file data_22.cif (mmCIF, C-alpha atoms)
data_input
loop_
_atom_site.label_atom_id
_atom_site.label_comp_id
_atom_site.auth_asym_id
_atom_site.auth_seq_id
_atom_site.Cartn_x
_atom_site.Cartn_y
_atom_site.Cartn_z
CA MET V 1 109.06 69.89 71.78
CA LYS V 2 108.49 66.83 73.97
CA GLN V 3 104.85 67.81 74.42
CA ALA V 4 104.42 68.07 70.64
CA LYS V 5 105.91 64.60 70.15
CA ARG V 6 103.68 63.21 72.89
CA ASP V 7 100.59 64.77 71.33
CA SER V 8 101.62 63.40 67.93
CA ARG V 9 101.92 59.89 69.37
CA ILE V 10 98.52 60.16 71.07
CA ILE V 11 96.94 61.30 67.81
CA GLY V 12 98.63 58.41 66.02
CA VAL V 13 97.30 55.88 68.55
CA ILE V 14 93.79 57.32 68.32
CA GLY V 15 94.00 57.22 64.51
CA ALA V 16 95.01 53.55 64.65
CA LEU V 17 92.01 52.76 66.88
CA TYR V 18 89.42 53.90 64.34
CA PRO V 19 89.91 50.93 61.95
CA LEU V 20 89.74 48.56 64.92
CA ILE V 21 86.51 50.17 66.11
CA THR V 22 85.03 49.89 62.60
CA LEU V 23 86.11 46.25 62.39
CA ALA V 24 84.55 45.52 65.80
CA LEU V 25 81.26 47.10 64.67
CA ILE V 26 81.25 45.01 61.49
CA PHE V 27 81.79 41.80 63.42
CA ALA V 28 79.15 42.80 65.97
CA ILE V 29 76.56 43.44 63.24
CA TRP V 30 77.56 40.18 61.55
CA ALA V 31 77.09 38.25 64.80
CA ILE V 32 73.69 39.85 65.46
CA ILE V 33 72.40 39.14 61.94
CA ALA V 34 73.71 35.54 61.98
CA ALA V 35 72.02 34.91 65.33
CA ALA V 36 68.77 36.52 64.20
CA VAL V 37 68.59 34.59 60.91
CA ASP V 38 69.87 31.37 62.52
CA LYS V 39 70.42 29.70 59.15
CA PRO V 40 74.12 28.84 58.57
CA LEU V 41 73.49 28.15 54.89
CA ILE V 42 72.47 31.79 54.45
CA ILE V 43 74.69 33.59 56.96
CA PRO V 44 77.23 31.48 58.86
CA SER V 45 78.37 32.53 62.31
CA ILE V 46 81.75 34.15 62.88
CA SER V 47 83.07 31.02 64.58
CA ALA V 48 81.93 28.78 61.70
CA THR V 49 83.57 31.11 59.19
CA PHE V 50 86.88 31.06 61.02
CA GLU V 51 86.66 27.29 61.32
CA GLY V 52 86.27 27.21 57.55
CA LEU V 53 89.24 29.55 57.24
CA GLY V 54 91.26 27.19 59.41
CA ARG V 55 90.45 24.30 57.08
CA LEU V 56 91.54 26.39 54.13
CA LEU V 57 94.83 27.36 55.74
CA SER V 58 95.62 23.69 56.40
CA SER V 59 95.18 22.84 52.72
CA GLY V 60 97.95 23.14 50.14
CA ASP V 61 95.39 24.03 47.47
CA PHE V 62 94.60 27.23 49.36
CA TYR V 63 98.09 28.67 48.92
CA ALA V 64 98.22 27.69 45.26
CA ALA V 65 94.85 29.36 44.59
CA ALA V 66 95.80 32.54 46.46
CA ALA V 67 99.21 32.71 44.78
CA PHE V 68 97.87 32.25 41.24
CA THR V 69 95.11 34.80 41.79
CA LEU V 70 97.65 37.31 43.08
CA LEU V 71 99.89 36.56 40.11
CA ARG V 72 97.06 37.18 37.64
CA THR V 73 96.20 40.38 39.49
CA VAL V 74 99.77 41.66 39.34
CA ILE V 75 100.18 40.73 35.67
CA GLY V 76 96.90 42.37 34.70
CA TYR V 77 97.71 45.47 36.68
CA ALA V 78 101.26 45.72 35.34
CA ILE V 79 100.00 45.55 31.75
CA SER V 80 97.27 48.12 32.50
CA LEU V 81 99.71 50.50 34.17
CA ALA V 82 102.27 50.21 31.36
CA LEU V 83 99.68 50.85 28.65
CA ALA V 84 98.15 53.73 30.63
CA LEU V 85 101.55 55.36 31.21
CA VAL V 86 102.52 55.15 27.55
CA GLY V 87 99.12 56.38 26.41
CA ALA V 88 98.98 59.25 28.92
CA VAL V 89 102.51 60.46 28.11
CA CYS V 90 101.80 60.35 24.37
CA ALA V 91 98.47 62.13 24.88
CA ALA V 92 100.17 64.82 26.98
CA LEU V 93 102.84 65.39 24.32
CA PHE V 94 100.71 65.12 21.18
CA ALA V 95 97.22 66.64 20.92
CA PRO V 96 96.11 64.36 18.03
CA VAL V 97 96.86 61.29 20.16
CA ARG V 98 94.74 62.75 22.98
CA LYS V 99 91.85 63.36 20.58
CA LEU V 100 92.11 59.87 19.11
CA LEU V 101 92.22 58.16 22.51
CA SER V 102 89.48 60.25 24.12
CA PRO V 103 86.45 58.47 22.54
CA LEU V 104 88.11 55.06 22.95
CA ILE V 105 88.65 55.68 26.66
CA ALA V 106 85.10 56.97 27.05
CA ILE V 107 83.70 53.83 25.39
CA SER V 108 85.92 51.54 27.49
CA ARG V 109 84.77 53.17 30.72
CA ALA V 110 81.11 52.90 29.69
CA VAL V 111 81.13 49.21 28.75
CA PRO V 112 79.56 47.09 31.56
CA THR V 113 82.03 44.83 33.33
CA MET V 114 79.78 41.79 32.86
CA SER V 115 79.69 42.40 29.10
CA VAL V 116 83.48 42.41 29.04
CA ILE V 117 83.63 39.13 30.99
CA LEU V 118 81.02 37.41 28.81
CA LEU V 119 82.71 38.49 25.59
CA CYS V 120 86.10 37.37 26.88
CA LEU V 121 84.54 33.96 27.63
CA LEU V 122 83.88 33.64 23.90
CA TRP V 123 87.26 34.88 22.74
CA MET V 124 89.97 33.51 25.04
CA SER V 125 91.06 30.76 27.40
CA ASN V 126 90.11 30.60 31.07
CA ASN V 127 93.62 31.43 32.30
CA ILE V 128 93.95 34.56 30.17
CA LEU V 129 90.41 35.86 30.75
CA PRO V 130 90.90 37.35 34.26
CA VAL V 131 94.00 39.24 33.10
CA ALA V 132 92.25 40.54 29.98
CA VAL V 133 89.23 41.72 31.98
CA CYS V 134 91.52 43.66 34.33
CA VAL V 135 93.30 45.35 31.43
CA VAL V 136 90.09 46.40 29.68
CA ILE V 137 88.53 47.85 32.85
CA ILE V 138 91.54 49.22 34.73
CA CYS V 139 93.64 50.68 31.90
CA PRO V 140 91.16 53.49 31.03
CA LEU V 141 90.87 54.46 34.71
CA LEU V 142 94.64 54.65 35.12
CA TYR V 143 95.04 56.51 31.82
CA THR V 144 92.55 59.18 32.90
CA ASN V 145 94.18 59.61 36.32
CA ILE V 146 97.75 59.71 35.00
CA LEU V 147 96.87 62.17 32.24
CA GLY V 148 95.14 64.36 34.81
CA ALA V 149 98.25 64.26 37.02
CA ILE V 150 100.47 65.28 34.09
CA ASP V 151 98.08 68.08 33.09
CA GLY V 152 98.11 69.22 36.72
CA VAL V 153 101.80 70.16 36.62
CA ASP V 154 102.14 73.94 36.94
CA ARG V 155 102.32 75.39 33.41
CA GLN V 156 104.37 78.35 34.62
CA LEU V 157 106.95 75.96 36.05
CA VAL V 158 107.10 74.13 32.73
CA GLN V 159 107.52 77.36 30.77
CA MET V 160 110.19 78.60 33.17
CA SER V 161 112.20 75.39 32.75
CA ARG V 162 112.04 75.82 28.98
CA VAL V 163 112.99 79.49 29.10
CA TYR V 164 116.08 78.70 31.16
CA GLY V 165 116.99 75.84 28.88
CA VAL V 166 116.66 73.04 31.43
CA PRO V 167 117.44 69.75 29.65
CA LEU V 168 114.44 67.50 29.01
CA ARG V 169 115.96 64.66 31.03
CA ARG V 170 116.34 66.96 34.03
CA GLN V 171 112.78 68.24 33.58
CA ILE V 172 111.51 64.66 33.68
CA THR V 173 113.58 63.47 36.66
CA GLN V 174 113.42 66.62 38.82
CA MET V 175 110.08 68.15 37.89
CA TYR V 176 107.59 65.81 36.27
CA ILE V 177 108.31 62.59 38.19
CA PRO V 178 108.38 64.17 41.71
CA LEU V 179 105.19 66.15 40.98
CA VAL V 180 103.25 63.41 39.21
CA LEU V 181 104.37 60.29 41.10
CA PRO V 182 102.36 60.88 44.34
CA ASP V 183 99.14 61.29 42.34
CA ILE V 184 99.90 58.20 40.28
CA LEU V 185 100.54 56.13 43.41
CA THR V 186 97.28 57.39 44.90
CA SER V 187 95.52 56.23 41.75
CA VAL V 188 97.33 52.89 41.94
CA ARG V 189 96.15 52.41 45.51
CA SER V 190 92.54 53.14 44.61
CA THR V 191 92.48 50.80 41.61
CA LEU V 192 94.61 47.88 42.84
CA SER V 193 91.86 46.47 45.07
CA LEU V 194 89.43 46.83 42.18
CA THR V 195 91.83 44.82 40.02
CA LEU V 196 91.80 41.97 42.53
CA LYS V 197 87.98 42.03 42.57
CA LEU V 198 87.86 41.91 38.78
CA THR V 199 90.37 39.05 38.72
CA VAL V 200 88.26 37.02 41.13
CA ALA V 201 85.08 37.84 39.18
CA GLY V 202 86.72 36.69 35.96
CA GLU V 203 87.88 33.50 37.65
CA VAL V 204 84.38 32.79 38.97
CA MET V 205 82.78 33.24 35.55
CA SER V 206 85.42 31.29 33.63
CA GLY V 207 86.11 28.58 36.22
CA THR V 208 89.83 29.29 36.08
CA ALA V 209 91.77 26.41 37.64
CA ALA V 210 93.81 27.01 40.81
CA SER V 211 92.17 30.31 41.71
CA ILE V 212 90.20 32.01 44.47
CA GLY V 213 87.32 32.48 42.02
CA GLN V 214 87.06 28.78 41.28
CA ALA V 215 87.26 27.95 44.99
CA MET V 216 84.43 30.41 45.70
CA ASN V 217 82.39 28.89 42.91
CA MET V 218 82.87 25.37 44.26
CA SER V 219 81.99 26.38 47.82
CA ASN V 220 78.82 28.00 46.51
CA LEU V 221 77.99 24.91 44.45
CA TYR V 222 78.34 22.62 47.48
CA LEU V 223 76.50 25.07 49.78
CA GLU V 224 79.59 25.60 51.95
CA THR V 225 78.65 29.14 52.89
CA ASP V 226 81.16 29.27 55.75
CA VAL V 227 83.98 28.47 53.31
CA LEU V 228 82.64 31.07 50.87
CA PHE V 229 82.73 33.66 53.64
CA ALA V 230 86.24 32.50 54.55
CA TRP V 231 87.43 33.00 50.97
CA THR V 232 85.84 36.45 51.02
CA LEU V 233 87.87 37.31 54.12
CA VAL V 234 90.99 36.07 52.35
CA ALA V 235 90.29 38.34 49.38
CA ILE V 236 89.77 41.31 51.71
CA VAL V 237 93.04 40.62 53.52
CA LEU V 238 94.94 40.31 50.23
CA SER V 239 93.49 43.64 49.07
CA ALA V 240 94.52 45.27 52.35
CA ILE V 241 98.06 43.90 52.00
CA LEU V 242 98.37 45.22 48.44
CA GLU V 243 97.09 48.65 49.48
CA ALA V 244 99.49 48.72 52.45
CA LEU V 245 102.41 48.01 50.12
CA ILE V 246 101.38 50.89 47.86
CA VAL V 247 101.06 53.22 50.86
CA LEU V 248 104.57 52.24 51.95
CA ILE V 249 105.94 52.82 48.44
CA ARG V 250 104.18 56.19 48.30
CA LYS V 251 105.77 57.30 51.57
CA VAL V 252 109.22 56.33 50.30
CA CYS V 253 108.64 58.16 47.02
CA VAL V 254 107.38 61.31 48.78
CA ARG V 255 110.49 61.36 50.95
CA TRP V 256 112.63 60.92 47.83
CA SER V 257 110.86 63.76 46.00
CA ASP V 258 111.22 66.07 49.02
CA ALA V 259 114.93 65.29 49.36
#

call {"tool": "encode", "arguments": {"input": "data_22.cif", "output": "structure tokens"}}
result
Amino acid sequence: MKQAKRDSRIIGVIGALYPLITLALIFAIWAIIAAAVDKPLIIPSISATFEGLGRLLSSGDFYAAAAFTLLRTVIGYAISLALALVGAVCAALFAPVRKLLSPLIAISRAVPTMSVILLCLLWMSNNILPVAVCVVIICPLLYTNILGAIDGVDRQLVQMSRVYGVPLRRQITQMYIPLVLPDILTSVRSTLSLTLKLTVAGEVMSGTAASIGQAMNMSNLYLETDVLFAWTLVAIVLSAILEALIVLIRKVCVRWSDA
């Protein structure tokens, strides 16, 4: 038993080392390319980038921009998830709804992201645009994944619950939610980072005030490549934090469903 626990810990430590090794390789390649190019305006060094990051962290505008971008990301994702859940549940229950939504979802997934952003520039204000872009792009992805998770529930289990007269509320709380929730959270994890990217892209195109996108745009305009790289690192860290939160929530939900 002790040996098994020891082996499990060793495997866990080794597993934790892989991301660090990957990160070290990325920084090594970055350093080599920056030294070979030797043009900070094109590729700044690692030290210059972290100096730029230090300047950002000492500015109050940095925290406002990061906070508002996160807020837009969360709002856009919450709306997308709510619409996708309602649509997927209705499509799973009613075949006509599924048939009506199918071509709409297919069209939404096929529309280029840049077309969505450019059209939104014509139709709405700069503050709303990043949220709207997220909803248009993310909602169809979530709808497809959630509907697939619902369809993946064992049909024999569903029929058995109906034969034995299990109340619908109990079917939902003790069968559908425990079986579907892990897949939904996996989908959430895979699309949340994409939502942040879309939010930043929308902010860049629309020049949304108090945002990471606007800050990136300004650093590009003034040829502050080190600051642009620093903002990119900030966006990556924020994405990692959001994904880590979803992983934590998924673990809690899996334990709850197994209980």

call {"tool": "closest_residue", "arguments": {"input": "data_22.cif", "among": "V:Ala244, V:Cys120, V:Leu185, V:Cys134", "to": "Ser206 (chain V)", "atoms": "only C-alpha atoms"}}
result
V:Cys120

call {"tool": "atom_distance", "arguments": {"input": "data_22.cif", "atom1": "CA of Gly60 (chain V)", "atom2": "CA of Ala210 (chain V)"}}
result
10.9 Å

call {"tool": "residues_around", "arguments": {"input": "data_22.cif", "residues": "Glu51 (chain V)", "least_positions_apart": "5", "cutoff": "12 Å", "atoms": "all atoms listed in the file", "output": "JSON, numbers by chain"}}
result
{"V": [44, 45, 46, 56, 57, 58, 224, 225, 226, 227, 228, 229, 230, 231]}

call {"tool": "write_last_selection", "arguments": {"input": "data_22.cif", "atoms": "C-alpha atoms", "output": "tab-separated table (two decimals), in the coordinates of the input"}}
result
chain	number	residue	atom	x	y	z
V	44	PRO	CA	77.23	31.48	58.86
V	45	SER	CA	78.37	32.53	62.31
V	46	ILE	CA	81.75	34.15	62.88
V	56	LEU	CA	91.54	26.39	54.13
V	57	LEU	CA	94.83	27.36	55.74
V	58	SER	CA	95.62	23.69	56.40
V	224	GLU	CA	79.59	25.60	51.95
V	225	THR	CA	78.65	29.14	52.89
V	226	ASP	CA	81.16	29.27	55.75
V	227	VAL	CA	83.98	28.47	53.31
V	228	LEU	CA	82.64	31.07	50.87
V	229	PHE	CA	82.73	33.66	53.64
V	230	ALA	CA	86.24	32.50	54.55
V	231	TRP	CA	87.43	33.00	50.97

call {"tool": "atom_distance", "arguments": {"input": "data_22.cif", "atom1": "CA of Ala149 (chain V)", "atom2": "CA of Val180 (chain V)"}}
result
5.5 Å

call {"tool": "atom_distance", "arguments": {"input": "data_22.cif", "atom1": "CA of Val133 (chain V)", "atom2": "CA of Thr113 (chain V)"}}
result
8.0 Å

call {"tool": "residues_around", "arguments": {"input": "data_22.cif", "residues": "region 71-73 of chain V", "least_positions_apart": "4", "cutoff": "7 Å", "atoms": "all atoms listed in the file", "output": "list of chain:residue names"}}
result
V:Ala67, V:Tyr77, V:Val131, V:Thr195, V:Leu196, V:Thr199

call {"tool": "closest_residue", "arguments": {"input": "data_22.cif", "among": "V:Ser102, V:Ile128, V:Ile246, V:Val234", "to": "Leu181 (chain V)", "atoms": "all atoms listed in the file"}}
result
V:Ile246

call {"tool": "residues_around", "arguments": {"input": "data_22.cif", "residues": "Ala106 (chain V)", "least_positions_apart": "3", "cutoff": "10 Å", "atoms": "all atoms listed in the file", "output": "list in words"}}
result
Leu101, Ser102, Pro103, Arg109, Ala110, Val111, Pro140, Leu141 and Thr144 of chain V

call {"tool": "closest_residue", "arguments": {"input": "data_22.cif", "among": "V:Ile138, V:Leu192, V:Leu70, V:Met175", "to": "Gln159 (chain V)", "atoms": "all atoms listed in the file"}}
result
V:Met175

call {"tool": "residues_near_point", "arguments": {"input": "data_22.cif", "point": "(85.3, 29.6, 33.9)", "cutoff": "12 Å", "atoms": "only C-alpha atoms", "output": "CSV table (one decimal) with C-alpha atoms, in the frame of the given file"}}
result
chain,number,residue,atom,x,y,z
V,117,ILE,CA,83.6,39.1,31.0
V,118,LEU,CA,81.0,37.4,28.8
V,120,CYS,CA,86.1,37.4,26.9
V,121,LEU,CA,84.5,34.0,27.6
V,122,LEU,CA,83.9,33.6,23.9
V,124,MET,CA,90.0,33.5,25.0
V,125,SER,CA,91.1,30.8,27.4
V,126,ASN,CA,90.1,30.6,31.1
V,127,ASN,CA,93.6,31.4,32.3
V,128,ILE,CA,94.0,34.6,30.2
V,129,LEU,CA,90.4,35.9,30.8
V,130,PRO,CA,90.9,37.4,34.3
V,199,THR,CA,90.4,39.0,38.7
V,200,VAL,CA,88.3,37.0,41.1
V,201,ALA,CA,85.1,37.8,39.2
V,202,GLY,CA,86.7,36.7,36.0
V,203,GLU,CA,87.9,33.5,37.6
V,204,VAL,CA,84.4,32.8,39.0
V,205,MET,CA,82.8,33.2,35.6
V,206,SER,CA,85.4,31.3,33.6
V,207,GLY,CA,86.1,28.6,36.2
V,208,THR,CA,89.8,29.3,36.1
V,209,ALA,CA,91.8,26.4,37.6
V,210,ALA,CA,93.8,27.0,40.8
V,211,SER,CA,92.2,30.3,41.7
V,212,ILE,CA,90.2,32.0,44.5
V,213,GLY,CA,87.3,32.5,42.0
V,214,GLN,CA,87.1,28.8,41.3
V,215,ALA,CA,87.3,28.0,45.0
V,216,MET,CA,84.4,30.4,45.7
V,217,ASN,CA,82.4,28.9,42.9
V,218,MET,CA,82.9,25.4,44.3

call {"tool": "closest_residue", "arguments": {"input": "data_22.cif", "among": "V:Leu157, V:Val252, V:Leu17, V:Ser193", "to": "Ala240 (chain V)", "atoms": "all atoms listed in the file"}}
result
V:Ser193

call {"tool": "closest_residue", "arguments": {"input": "data_22.cif", "among": "V:Ile43, V:Leu142, V:Trp30, V:Ala88", "to": "Leu194 (chain V)", "atoms": "only C-alpha atoms"}}
result
V:Leu142

call {"tool": "resolve_selection", "arguments": {"input": "data_22.cif", "expression": "the PyMOL selection byres ((chain V and resi 91) around 12)", "output": "number ranges by chain"}}
result
V: 83-90, 92-102, 105, 143-144, 146-148, 150-151

call {"tool": "build_atoms", "arguments": {"input": "data_22.cif", "residues": "region 36-47 of chain V", "atoms": "N, CA, C and O atoms", "output": "PDB file, in the coordinates of the input"}}
result
ATOM      1  N   ALA V  36      70.180  36.245  64.472  1.00  0.00           N
ATOM      2  CA  ALA V  36      68.770  36.520  64.200  1.00  0.00           C
ATOM      3  C   ALA V  36      68.237  35.618  63.083  1.00  0.00           C
ATOM      4  O   ALA V  36      67.118  35.089  63.178  1.00  0.00           O
ATOM      5  N   VAL V  37      69.026  35.435  62.034  1.00  0.00           N
ATOM      6  CA  VAL V  37      68.590  34.590  60.910  1.00  0.00           C
ATOM      7  C   VAL V  37      68.625  33.117  61.311  1.00  0.00           C
ATOM      8  O   VAL V  37      67.714  32.344  60.980  1.00  0.00           O
ATOM      9  N   ASP V  38      69.703  32.735  62.010  1.00  0.00           N
ATOM     10  CA  ASP V  38      69.870  31.370  62.520  1.00  0.00           C
ATOM     11  C   ASP V  38      69.775  30.326  61.402  1.00  0.00           C
ATOM     12  O   ASP V  38      69.158  29.262  61.566  1.00  0.00           O
ATOM     13  N   LYS V  39      70.354  30.640  60.268  1.00  0.00           N
ATOM     14  CA  LYS V  39      70.420  29.700  59.150  1.00  0.00           C
ATOM     15  C   LYS V  39      71.832  29.749  58.578  1.00  0.00           C
ATOM     16  O   LYS V  39      72.159  30.621  57.771  1.00  0.00           O
ATOM     17  N   PRO V  40      72.708  28.817  58.990  1.00  0.00           N
ATOM     18  CA  PRO V  40      74.120  28.840  58.570  1.00  0.00           C
ATOM     19  C   PRO V  40      74.312  28.792  57.062  1.00  0.00           C
ATOM     20  O   PRO V  40      75.323  29.298  56.560  1.00  0.00           O
ATOM     21  N   LEU V  41      73.347  28.191  56.337  1.00  0.00           N
ATOM     22  CA  LEU V  41      73.490  28.150  54.890  1.00  0.00           C
ATOM     23  C   LEU V  41      73.323  29.522  54.249  1.00  0.00           C
ATOM     24  O   LEU V  41      73.795  29.757  53.137  1.00  0.00           O
ATOM     25  N   ILE V  42      72.661  30.430  54.960  1.00  0.00           N
ATOM     26  CA  ILE V  42      72.470  31.790  54.450  1.00  0.00           C
ATOM     27  C   ILE V  42      73.544  32.715  55.000  1.00  0.00           C
ATOM     28  O   ILE V  42      74.259  33.386  54.237  1.00  0.00           O
ATOM     29  N   ILE V  43      73.657  32.768  56.314  1.00  0.00           N
ATOM     30  CA  ILE V  43      74.690  33.590  56.960  1.00  0.00           C
ATOM     31  C   ILE V  43      75.346  32.751  58.057  1.00  0.00           C
ATOM     32  O   ILE V  43      74.749  32.533  59.120  1.00  0.00           O
ATOM     33  N   PRO V  44      76.542  32.275  57.829  1.00  0.00           N
ATOM     34  CA  PRO V  44      77.230  31.480  58.860  1.00  0.00           C
ATOM     35  C   PRO V  44      77.685  32.363  60.010  1.00  0.00           C
ATOM     36  O   PRO V  44      77.864  33.574  59.853  1.00  0.00           O
ATOM     37  N   SER V  45      77.873  31.775  61.155  1.00  0.00           N
ATOM     38  CA  SER V  45      78.370  32.530  62.310  1.00  0.00           C
ATOM     39  C   SER V  45      79.846  32.869  62.112  1.00  0.00           C
ATOM     40  O   SER V  45      80.525  32.309  61.239  1.00  0.00           O
ATOM     41  N   ILE V  46      80.341  33.768  62.949  1.00  0.00           N
ATOM     42  CA  ILE V  46      81.750  34.150  62.880  1.00  0.00           C
ATOM     43  C   ILE V  46      82.640  32.953  63.186  1.00  0.00           C
ATOM     44  O   ILE V  46      83.642  32.707  62.505  1.00  0.00           O
ATOM     45  N   SER V  47      82.253  32.176  64.206  1.00  0.00           N
ATOM     46  CA  SER V  47      83.070  31.020  64.580  1.00  0.00           C
ATOM     47  C   SER V  47      83.115  29.986  63.462  1.00  0.00           C
ATOM     48  O   SER V  47      84.176  29.422  63.162  1.00  0.00           O
TER      49      SER V  47
END
